[in-house]
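One file, work19.txt, is given below (compact mmCIF, C-alpha atoms).
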```
# COMPACT_ATOMS: atom_id res chain seq x y z
CA MET A 1 -31.12 88.76 135.22
CA SER A 2 -33.29 91.53 133.73
CA SER A 3 -35.02 91.06 130.38
CA SER A 4 -33.22 94.12 128.93
CA LEU A 5 -29.81 92.63 129.78
CA VAL A 6 -30.73 89.32 128.14
CA LYS A 7 -31.94 91.17 125.07
CA ASN A 8 -28.64 93.11 124.79
CA LYS A 9 -26.60 89.89 124.99
CA MET A 10 -28.71 88.26 122.28
CA ASN A 11 -28.20 91.30 120.03
CA LYS A 12 -24.43 91.05 120.43
CA ILE A 13 -24.50 87.35 119.54
CA SER A 14 -26.64 87.94 116.48
CA LEU A 15 -24.17 90.60 115.24
CA ILE A 16 -21.03 88.49 115.78
CA SER A 17 -22.19 85.27 114.13
CA PRO A 18 -22.84 86.65 110.58
CA VAL A 19 -19.51 88.53 110.58
CA SER A 20 -17.63 85.40 111.58
CA LEU A 21 -19.42 83.46 108.88
CA ILE A 22 -18.45 86.04 106.22
CA VAL A 23 -14.79 85.99 107.29
CA LEU A 24 -14.77 82.18 107.19
CA CYS A 25 -16.28 82.15 103.68
CA LEU A 26 -13.70 84.67 102.46
CA PHE A 27 -10.87 82.58 103.94
CA VAL A 28 -12.14 79.41 102.25
CA SER A 29 -12.54 81.17 98.91
CA LEU A 30 -8.99 82.56 99.10
CA ILE A 31 -7.60 79.08 99.70
CA ALA A 32 -9.65 77.63 96.86
CA SER A 33 -8.43 80.31 94.43
CA SER A 34 -4.79 80.24 95.56
CA PRO A 35 -2.36 80.12 92.61
CA LEU A 36 -0.18 77.71 94.60
CA ALA A 37 -2.84 74.98 94.60
CA ALA A 38 -1.96 71.72 92.84
CA ARG A 39 -2.98 71.45 89.17
CA ASP A 40 -4.13 68.15 87.67
CA VAL A 41 -3.61 67.61 83.94
CA GLU A 42 -4.12 64.69 81.58
CA TYR A 43 -1.29 64.04 79.13
CA ASP A 44 -2.55 63.74 75.53
CA ASN A 45 0.70 63.23 73.57
CA LYS A 46 1.12 67.00 73.18
CA GLU A 47 3.67 69.33 74.76
CA LEU A 48 2.58 70.19 78.29
CA SER A 49 3.27 73.64 79.78
CA VAL A 50 4.43 74.08 83.38
CA PHE A 51 4.67 77.63 84.74
CA VAL A 52 7.50 78.60 87.11
CA ASN A 53 9.06 81.60 88.80
CA PRO A 54 12.86 81.96 88.62
CA ASN A 55 14.64 80.59 91.71
CA GLU A 56 11.43 79.06 93.10
CA PRO A 57 10.83 75.29 93.05
CA SER A 58 7.97 73.65 91.18
CA GLN A 59 7.09 69.97 91.54
CA ILE A 60 5.89 67.75 88.69
CA ARG A 61 4.39 64.44 89.78
CA PHE A 62 4.28 61.63 87.21
CA PRO A 63 2.23 58.41 87.24
CA ALA A 64 5.35 56.24 87.71
CA LYS A 65 8.99 56.50 88.81
CA VAL A 66 11.17 58.91 86.83
CA ALA A 67 14.10 57.18 85.12
CA GLY A 68 15.78 60.06 83.29
CA GLY A 69 15.33 62.55 80.50
CA PHE A 70 16.95 65.20 78.35
CA LYS A 71 17.45 68.97 78.41
CA ARG A 72 19.54 71.30 76.25
CA LYS A 73 23.26 71.53 76.96
CA ASN A 74 23.28 75.12 78.25
CA SER A 75 20.00 74.75 80.10
CA SER A 76 18.60 77.43 82.41
CA LEU A 77 16.88 74.68 84.40
CA SER A 78 18.04 72.54 87.28
CA LEU A 79 16.20 69.23 87.65
CA GLU A 80 16.13 66.88 90.62
CA LYS A 81 14.25 63.58 90.53
CA LYS A 82 12.95 61.68 93.53
CA GLY A 83 10.74 58.68 92.89
CA SER A 84 7.84 59.78 90.70
CA ASP A 85 8.50 63.47 91.37
CA LEU A 86 10.64 65.91 89.40
CA MET A 87 11.67 69.16 91.10
CA VAL A 88 12.22 72.00 88.63
CA PHE A 89 14.28 75.11 89.41
CA SER A 90 14.58 77.88 86.85
CA GLY A 91 17.34 80.46 86.57
CA ASP A 92 16.77 84.13 85.77
CA ASN A 93 17.85 83.46 82.19
CA LEU A 94 14.77 81.39 81.29
CA ARG A 95 13.67 82.57 77.85
CA GLU A 96 10.28 84.15 77.23
CA ASP A 97 9.20 81.20 75.08
CA GLY A 98 10.31 78.78 77.82
CA GLU A 99 12.51 75.71 77.56
CA ALA A 100 11.56 72.19 76.50
CA ILE A 101 12.58 69.05 78.39
CA ILE A 102 11.89 65.35 77.85
CA VAL A 103 11.11 63.16 80.86
CA ARG A 104 11.25 59.35 80.65
CA LEU A 105 9.67 56.99 83.19
CA GLU A 106 10.90 53.54 84.18
CA ASP A 107 7.82 51.96 82.58
CA GLY A 108 8.86 53.36 79.18
CA ARG A 109 6.47 56.30 78.85
CA SER A 110 7.94 59.70 77.99
CA TYR A 111 6.66 63.27 78.23
CA SER A 112 7.38 66.49 76.37
CA ILE A 113 7.19 69.42 78.78
CA ARG A 114 7.82 73.11 78.21
CA VAL A 115 8.81 75.09 81.30
CA ARG A 116 7.53 78.66 80.97
CA ARG A 117 7.68 81.82 83.06
CA ALA A 118 4.60 82.35 85.22
CA SER A 119 2.41 85.40 84.59
CA GLY A 120 -0.81 86.99 85.78
CA GLU A 121 -2.80 84.77 83.42
CA ASN A 122 -0.75 81.67 84.21
CA PRO A 123 0.41 81.75 87.85
CA ARG A 124 3.25 79.62 89.14
CA ASP A 125 2.60 75.89 89.44
CA ALA A 126 3.62 74.72 92.89
CA ILE A 127 2.59 71.14 92.06
CA VAL A 128 1.48 69.63 88.76
CA ARG A 129 0.03 66.11 88.86
CA ILE A 130 0.09 64.37 85.49
CA GLY A 131 -2.45 61.72 84.61
CA ASP A 132 -1.80 59.35 81.71
CA ALA A 133 -4.21 56.77 80.34
CA ARG A 134 -1.80 55.53 77.66
CA GLU A 135 -0.77 51.90 77.63
CA LEU A 136 2.72 51.15 78.88
CA LEU A 137 5.35 51.14 76.17
CA ARG A 138 7.18 48.19 77.73
CA ASP A 139 7.04 45.77 80.62
CA PRO A 140 8.11 47.57 83.86
CA THR A 141 10.22 44.51 84.76
CA GLU A 142 12.15 44.69 81.49
CA GLU A 143 15.83 45.61 81.69
CA PRO A 144 16.50 49.38 81.26
CA GLU A 145 17.49 50.41 77.75
CA TYR A 146 20.98 51.55 78.74
CA ASN A 147 21.77 47.99 79.87
CA ARG A 148 20.87 46.39 76.55
CA LYS A 149 23.86 45.34 74.47
CA ALA A 150 21.95 46.16 71.27
CA TYR A 151 21.31 49.76 72.35
CA GLY A 152 22.54 52.18 69.70
CA PHE A 153 25.17 54.12 71.65
CA ALA A 154 28.95 53.96 71.73
CA PRO A 155 30.30 51.44 74.28
CA ALA A 156 31.91 52.62 77.51
CA SER A 157 35.30 51.47 76.19
CA VAL A 158 35.51 54.57 73.94
CA ILE A 159 35.67 58.23 74.98
CA SER A 160 32.16 59.29 73.95
CA GLY A 161 30.61 56.18 75.47
CA LEU A 162 32.35 56.65 78.82
CA MET A 163 31.34 60.33 78.90
CA ARG A 164 27.72 59.35 78.35
CA GLU A 165 27.93 56.77 81.15
CA LEU A 166 29.41 59.34 83.55
CA ILE A 167 26.51 61.71 82.85
CA LEU A 168 24.00 58.90 83.41
CA VAL A 169 25.63 58.23 86.78
CA GLY A 170 25.97 61.88 87.82
CA GLU A 171 22.57 63.18 86.69
CA PHE A 172 20.22 60.25 86.19
CA GLY A 173 21.11 57.90 89.03
CA LYS A 174 22.73 55.01 87.18
CA GLN A 175 24.60 52.84 89.66
CA SER A 176 27.51 51.34 87.71
CA ILE A 177 29.46 51.45 84.43
CA PRO A 178 30.15 48.11 82.68
CA GLY A 179 33.86 47.28 82.59
CA TYR A 180 34.82 49.90 85.21
CA GLN A 181 35.49 49.78 88.92
CA VAL A 182 34.36 52.73 91.01
CA SER A 183 36.87 54.21 93.44
CA GLU A 184 35.92 56.55 96.26
CA GLU A 185 39.41 56.59 97.72
CA TYR A 186 39.84 60.26 96.81
CA LYS A 187 36.22 61.29 97.49
CA GLY A 188 36.09 64.85 98.83
CA GLU A 189 39.68 65.63 97.83
CA THR A 190 40.04 69.22 96.61
CA VAL A 191 41.34 69.64 93.07
CA ILE A 192 40.65 73.41 92.69
CA ASN A 193 40.39 76.04 95.41
CA ASP A 194 41.58 79.38 94.07
CA GLY A 195 39.21 81.69 95.95
CA THR A 196 36.81 81.92 93.02
CA MET A 197 35.78 78.27 92.78
CA ILE A 198 36.13 75.09 94.77
CA ALA A 199 36.05 71.67 93.11
CA THR A 200 36.17 68.29 94.84
CA ILE A 201 36.25 64.70 93.59
CA GLU A 202 33.03 62.69 93.92
CA LYS A 203 33.95 59.43 92.15
CA ILE A 204 36.59 57.95 89.87
CA TYR A 205 35.77 55.12 87.46
CA VAL A 206 38.83 53.00 86.68
CA GLY A 207 39.00 51.04 83.42
CA PRO A 208 41.72 49.24 81.49
CA ASN A 209 42.23 52.05 78.94
CA LEU A 210 40.26 55.04 80.25
CA TRP A 211 39.45 56.63 83.59
CA GLY A 212 36.36 58.70 84.27
CA TYR A 213 36.13 61.45 86.89
CA ILE A 214 33.01 63.04 88.41
CA ILE A 215 33.85 66.34 90.11
CA ASN A 216 31.64 68.76 92.04
CA ALA A 217 32.40 72.45 91.33
CA ARG A 218 30.92 75.42 93.23
CA ASN A 219 31.14 79.17 92.68
CA LEU A 220 32.60 81.14 95.61
CA LEU A 221 32.02 84.59 94.09
CA ASP A 222 29.08 86.96 94.47
CA LEU A 223 29.12 87.22 90.67
CA PRO A 224 28.32 84.60 88.01
CA GLN A 225 31.26 82.91 86.36
CA LYS A 226 31.82 80.46 83.53
CA ILE A 227 33.67 77.20 83.94
CA ASN A 228 36.92 77.05 82.01
CA PRO A 229 37.41 73.46 80.76
CA ALA A 230 41.18 74.03 80.73
CA SER A 231 41.10 74.36 84.53
CA PHE A 232 40.07 70.72 84.77
CA ARG A 233 42.64 69.23 82.42
CA ILE A 234 44.74 66.48 83.98
CA ASP A 235 47.44 64.26 82.50
CA GLY A 236 45.97 62.33 79.58
CA THR A 237 42.68 64.26 79.42
CA ARG A 238 40.62 63.29 76.36
CA ALA A 239 37.29 65.07 77.01
CA VAL A 240 35.63 67.44 79.51
CA SER A 241 31.91 68.06 79.97
CA ALA A 242 29.71 69.69 82.62
CA SER A 243 26.07 69.73 83.74
CA ARG A 244 26.23 73.54 83.43
CA TRP A 245 29.02 75.78 82.17
CA GLU A 246 27.84 79.04 83.73
CA LEU A 247 27.48 79.20 87.50
CA SER A 248 25.21 81.59 89.36
CA PRO A 249 26.60 83.72 92.22
CA ARG A 250 27.16 81.82 95.46
CA ALA A 251 23.99 81.01 97.36
CA LEU A 252 23.04 83.61 99.97
CA ASP A 253 19.65 82.20 100.95
CA LEU A 254 17.95 78.82 101.32
CA GLU A 255 16.04 79.00 98.01
CA SER A 256 19.21 79.69 96.05
CA GLU A 257 20.98 76.86 97.86
CA ILE A 258 18.16 74.44 97.00
CA ALA A 259 18.22 75.54 93.35
CA GLY A 260 21.91 74.66 93.22
CA SER A 261 22.63 76.79 90.16
CA GLU A 262 25.90 77.97 91.70
CA SER A 263 27.17 74.38 91.43
CA SER A 264 27.92 72.01 88.57
CA LYS A 265 29.13 68.49 87.99
CA VAL A 266 32.24 68.30 85.79
CA TYR A 267 32.98 65.09 83.91
CA ILE A 268 36.49 64.18 82.73
CA VAL A 269 37.57 61.28 80.54
CA ALA A 270 41.31 60.65 80.66
CA LYS A 271 43.80 58.02 79.53
CA ALA A 272 44.33 55.30 82.13
CA ARG A 273 47.29 55.93 84.42
```

For this file, write the structure as structure tokens.
Amino acid sequence: MSSSLVKNKMNKISLISPVSLIVLCLFVSLIASSPLAARDVEYDNKELSVFVNPNEPSQIRFPAKVAGGFKRKNSSLSLEKKGSDLMVFSGDNLREDGEAIIVRLEDGRSYSIRVRRASGENPRDAIVRIGDARELLRDPTEEPEYNRKAYGFAPASVISGLMRELILVGEFGKQSIPGYQVSEEYKGETVINDGTMIATIEKIYVGPNLWGYIINARNLLDLPQKINPASFRIDGTRAVSASRWELSPRALDLESEIAGSESSKVYIVAKAR
């Protein structure tokens, strides 16, 4: 092989290597600066902001298993808990100043979080990992508060108490209601299907004086619609509640289906049959 040919090949190699190195550095820097990277924060007993985009999921990871929490009645947020993670989905109607939620862990610690719209200065949080150096508020093996007889809420034998228990079952994973037997005999049975909405029975809780119903309702329209409580009145109805009263248009893509804002759980307390 001639010396000129060897020299040409070496020149080509010397030109390619620096370019490849520059491209690699740019790729690494883009990944490092990606707004979808996880964000680690330390909770300091102050309201914590989490930034979201409407109809896109954001994940909040807590230092222990999520037990429950609170959000406003007509919330623009849909929350789904799984272990120590809380998935947050925001509707298009999230206010400019955001919406506050309270999250409670099984070990007794609680967190005040404000879900805000993402912006150029505050990009969407794909994952937020929360650190917490606070001491536990109670022994993790201690019985949950809603099982304590001295807990300051109405008992399940009255209308307001049973409604609260139904919501704990439907939205916060409680397994049973004291004094009631759960019946899944009619699970999946359709109670409303008028072309605009479909509603099916999930569970019925049977008690000596009251019955509680958990019903899944879903919008079938391409337009939003509000739930009419009168549509869910049955013989002996005493109270009706819902996880959301206004349903988004039916889901047309996977993200909308995951968000689940076109669906709602409807809770009915009625006189025992």

**Contacts of A:Pro178 within 12 Å, all atoms listed in the file, excl. fewer than 3 positions in-chain, as a VMD selection string** = chain A and resid 146 to 149 155 to 157 161 to 162 165 to 166 169 174 to 175 181 to 182 205 to 208

Give me a file of those residues, with C-alpha atoms, as a PDB file, keeping the file's coordinate frame.
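Once everything was written out, this is result_35.pdb:
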```pdb
ATOM      1  CA  TYR A 146      20.980  51.550  78.740  1.00  0.00           C
ATOM      2  CA  ASN A 147      21.770  47.990  79.870  1.00  0.00           C
ATOM      3  CA  ARG A 148      20.870  46.390  76.550  1.00  0.00           C
ATOM      4  CA  LYS A 149      23.860  45.340  74.470  1.00  0.00           C
ATOM      5  CA  PRO A 155      30.300  51.440  74.280  1.00  0.00           C
ATOM      6  CA  ALA A 156      31.910  52.620  77.510  1.00  0.00           C
ATOM      7  CA  SER A 157      35.300  51.470  76.190  1.00  0.00           C
ATOM      8  CA  GLY A 161      30.610  56.180  75.470  1.00  0.00           C
ATOM      9  CA  LEU A 162      32.350  56.650  78.820  1.00  0.00           C
ATOM     10  CA  GLU A 165      27.930  56.770  81.150  1.00  0.00           C
ATOM     11  CA  LEU A 166      29.410  59.340  83.550  1.00  0.00           C
ATOM     12  CA  VAL A 169      25.630  58.230  86.780  1.00  0.00           C
ATOM     13  CA  LYS A 174      22.730  55.010  87.180  1.00  0.00           C
ATOM     14  CA  GLN A 175      24.600  52.840  89.660  1.00  0.00           C
ATOM     15  CA  GLN A 181      35.490  49.780  88.920  1.00  0.00           C
ATOM     16  CA  VAL A 182      34.360  52.730  91.010  1.00  0.00           C
ATOM     17  CA  TYR A 205      35.770  55.120  87.460  1.00  0.00           C
ATOM     18  CA  VAL A 206      38.830  53.000  86.680  1.00  0.00           C
ATOM     19  CA  GLY A 207      39.000  51.040  83.420  1.00  0.00           C
ATOM     20  CA  PRO A 208      41.720  49.240  81.490  1.00  0.00           C
TER      21      PRO A 208
END
```

**Prompt:** So which one's closest to A:Lys271, A:Ala64, A:Leu79, A:Leu221, A:Ile234? Using all atoms listed in the file, please.
**Reply:** A:Ile234

**Request:** Grab the atom CA of A:Ile268 to atom CA of A:Gly83 distance for me, in Å with one decimal place.
**Result:**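 A separation of 28.2 Å between them.
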
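Counting all atoms listed in the file, the residue from A:Trp211, A:Phe232, A:Phe62, A:Phe153 that sits nearest to A:Val191 is A:Phe232.
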
**Prompt:** If you count only C-alpha atoms, which residues fall within 10 Å of A:Lys81, apart from same-chain ones fewer than 5 positions away, as a PyMOL selection string?
**Reply:** chain A and resi 59-61+65-68+86-88+171-173

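For the choices A:Trp245, A:Phe70, A:Tyr43, A:Tyr213, the atom-to-atom distance to A:Asp132 is smallest for A:Tyr43 when using only C-alpha atoms.
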
Which residues come within 9 Å of A:Arg233, counting all atoms listed in the file, excluding same-chain residues fewer than 5 positions away, as a JSON list (two decimals) with C-alpha atoms, keeping the file's coordinate frame?
```json
[["chain", "number", "residue", "atom", "x", "y", "z"],
["A", 238, "ARG", "CA", 40.62, 63.29, 76.36],
["A", 239, "ALA", "CA", 37.29, 65.07, 77.01],
["A", 240, "VAL", "CA", 35.63, 67.44, 79.51],
["A", 268, "ILE", "CA", 36.49, 64.18, 82.73],
["A", 270, "ALA", "CA", 41.31, 60.65, 80.66]]
```

**Request:** Find, counting all atoms listed in the file, the residue in A:Asp194, A:Asp235, A:Glu202, A:Glu99 that gets nearest to A:Lys265.
**Result:**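 Among A:Asp194, A:Asp235, A:Glu202, A:Glu99, it is A:Glu202 that comes nearest to A:Lys265.
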
**Message:** For a test of reading the model, state the distance in Å between atom CA of A:Ser183 and atom CA of A:Glu106, rounded to one decimal.
**Reply:**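 Atom-to-atom, atom CA of A:Ser183 and atom CA of A:Glu106 are spaced 27.6 Å apart.
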
Counting all atoms listed in the file, give me one row per residue of stretch 197-249 of chain A with an atom at most 10 Å from an atom of stretch 184-189 of chain A, showing the shortest contact pair and its distance in Å to one decimal, sorted by chain then residue number, as a Markdown table.
```
| residue | atom | partner | partner_atom | distance |
| --- | --- | --- | --- | --- |
| A:Ala199 | CA | A:Glu189 | CA | 8.5 |
| A:Thr200 | CA | A:Gly188 | CA | 5.3 |
| A:Ile201 | CA | A:Lys187 | CA | 5.2 |
| A:Glu202 | CA | A:Lys187 | CA | 5.0 |
| A:Lys203 | CA | A:Glu184 | CA | 5.4 |
| A:Ile204 | CA | A:Glu184 | CA | 6.6 |
| A:Tyr205 | CA | A:Glu184 | CA | 8.9 |
| A:Ile214 | CA | A:Lys187 | CA | 9.8 |
| A:Ile215 | CA | A:Gly188 | CA | 9.1 |
| A:Asn216 | CA | A:Gly188 | CA | 9.0 |
```

**Item:** Answer as a PyMOL selection string, residues within 7 Å of (6.7, 73.8, 77.4) using all atoms listed in the file
**Value:** chain A and resi 47-50+98-100+113-116

**Request:** Would you list the contacts of A:Ser263 as a PyMOL selection string, taking every protein, DNA or RNA residue within 10 Å and counting all atoms listed in the file, but skipping same-chain residues closer than 2 positions in sequence?
**Result:** chain A and resi 197-199+216-220+243-251+257+259-261+265-266

**Prompt:** Nearest to A:Ile167 among A:Ser84, A:Thr237, A:Asn45, A:Gly212, with distances taken over only C-alpha atoms: which residue is it?
**Reply:**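 For A:Ile167, the nearest of the given residues is A:Gly212.
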
**Asked** Pick from A:Asp85, A:Asp125, A:Gly69, A:Gly91: nearest to A:Ser110, with only C-alpha atoms counted?
**Response** A:Gly69

**Asked** To one decimal place, how far is atom CA of A:Arg117 from atom CA of A:Arg95 in Å?
**Response**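 We find that atom CA of A:Arg117 and atom CA of A:Arg95 lie 8.0 Å from each other.
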
List every protein, DNA or RNA residue that has at least one atom no more than 10 Å from (5.2, 85.6, 84.8) in the file's coordinates, counting only C-alpha atoms, and write the result as a compact mmCIF listing (two decimals) with C-alpha atoms, in the coordinates of the input.
```txt
# COMPACT_ATOMS: atom_id res chain seq x y z
CA PHE A 51 4.67 77.63 84.74
CA VAL A 52 7.50 78.60 87.11
CA ASN A 53 9.06 81.60 88.80
CA PRO A 54 12.86 81.96 88.62
CA GLU A 96 10.28 84.15 77.23
CA ARG A 116 7.53 78.66 80.97
CA ARG A 117 7.68 81.82 83.06
CA ALA A 118 4.60 82.35 85.22
CA SER A 119 2.41 85.40 84.59
CA GLY A 120 -0.81 86.99 85.78
CA GLU A 121 -2.80 84.77 83.42
CA ASN A 122 -0.75 81.67 84.21
CA PRO A 123 0.41 81.75 87.85
CA ARG A 124 3.25 79.62 89.14
```
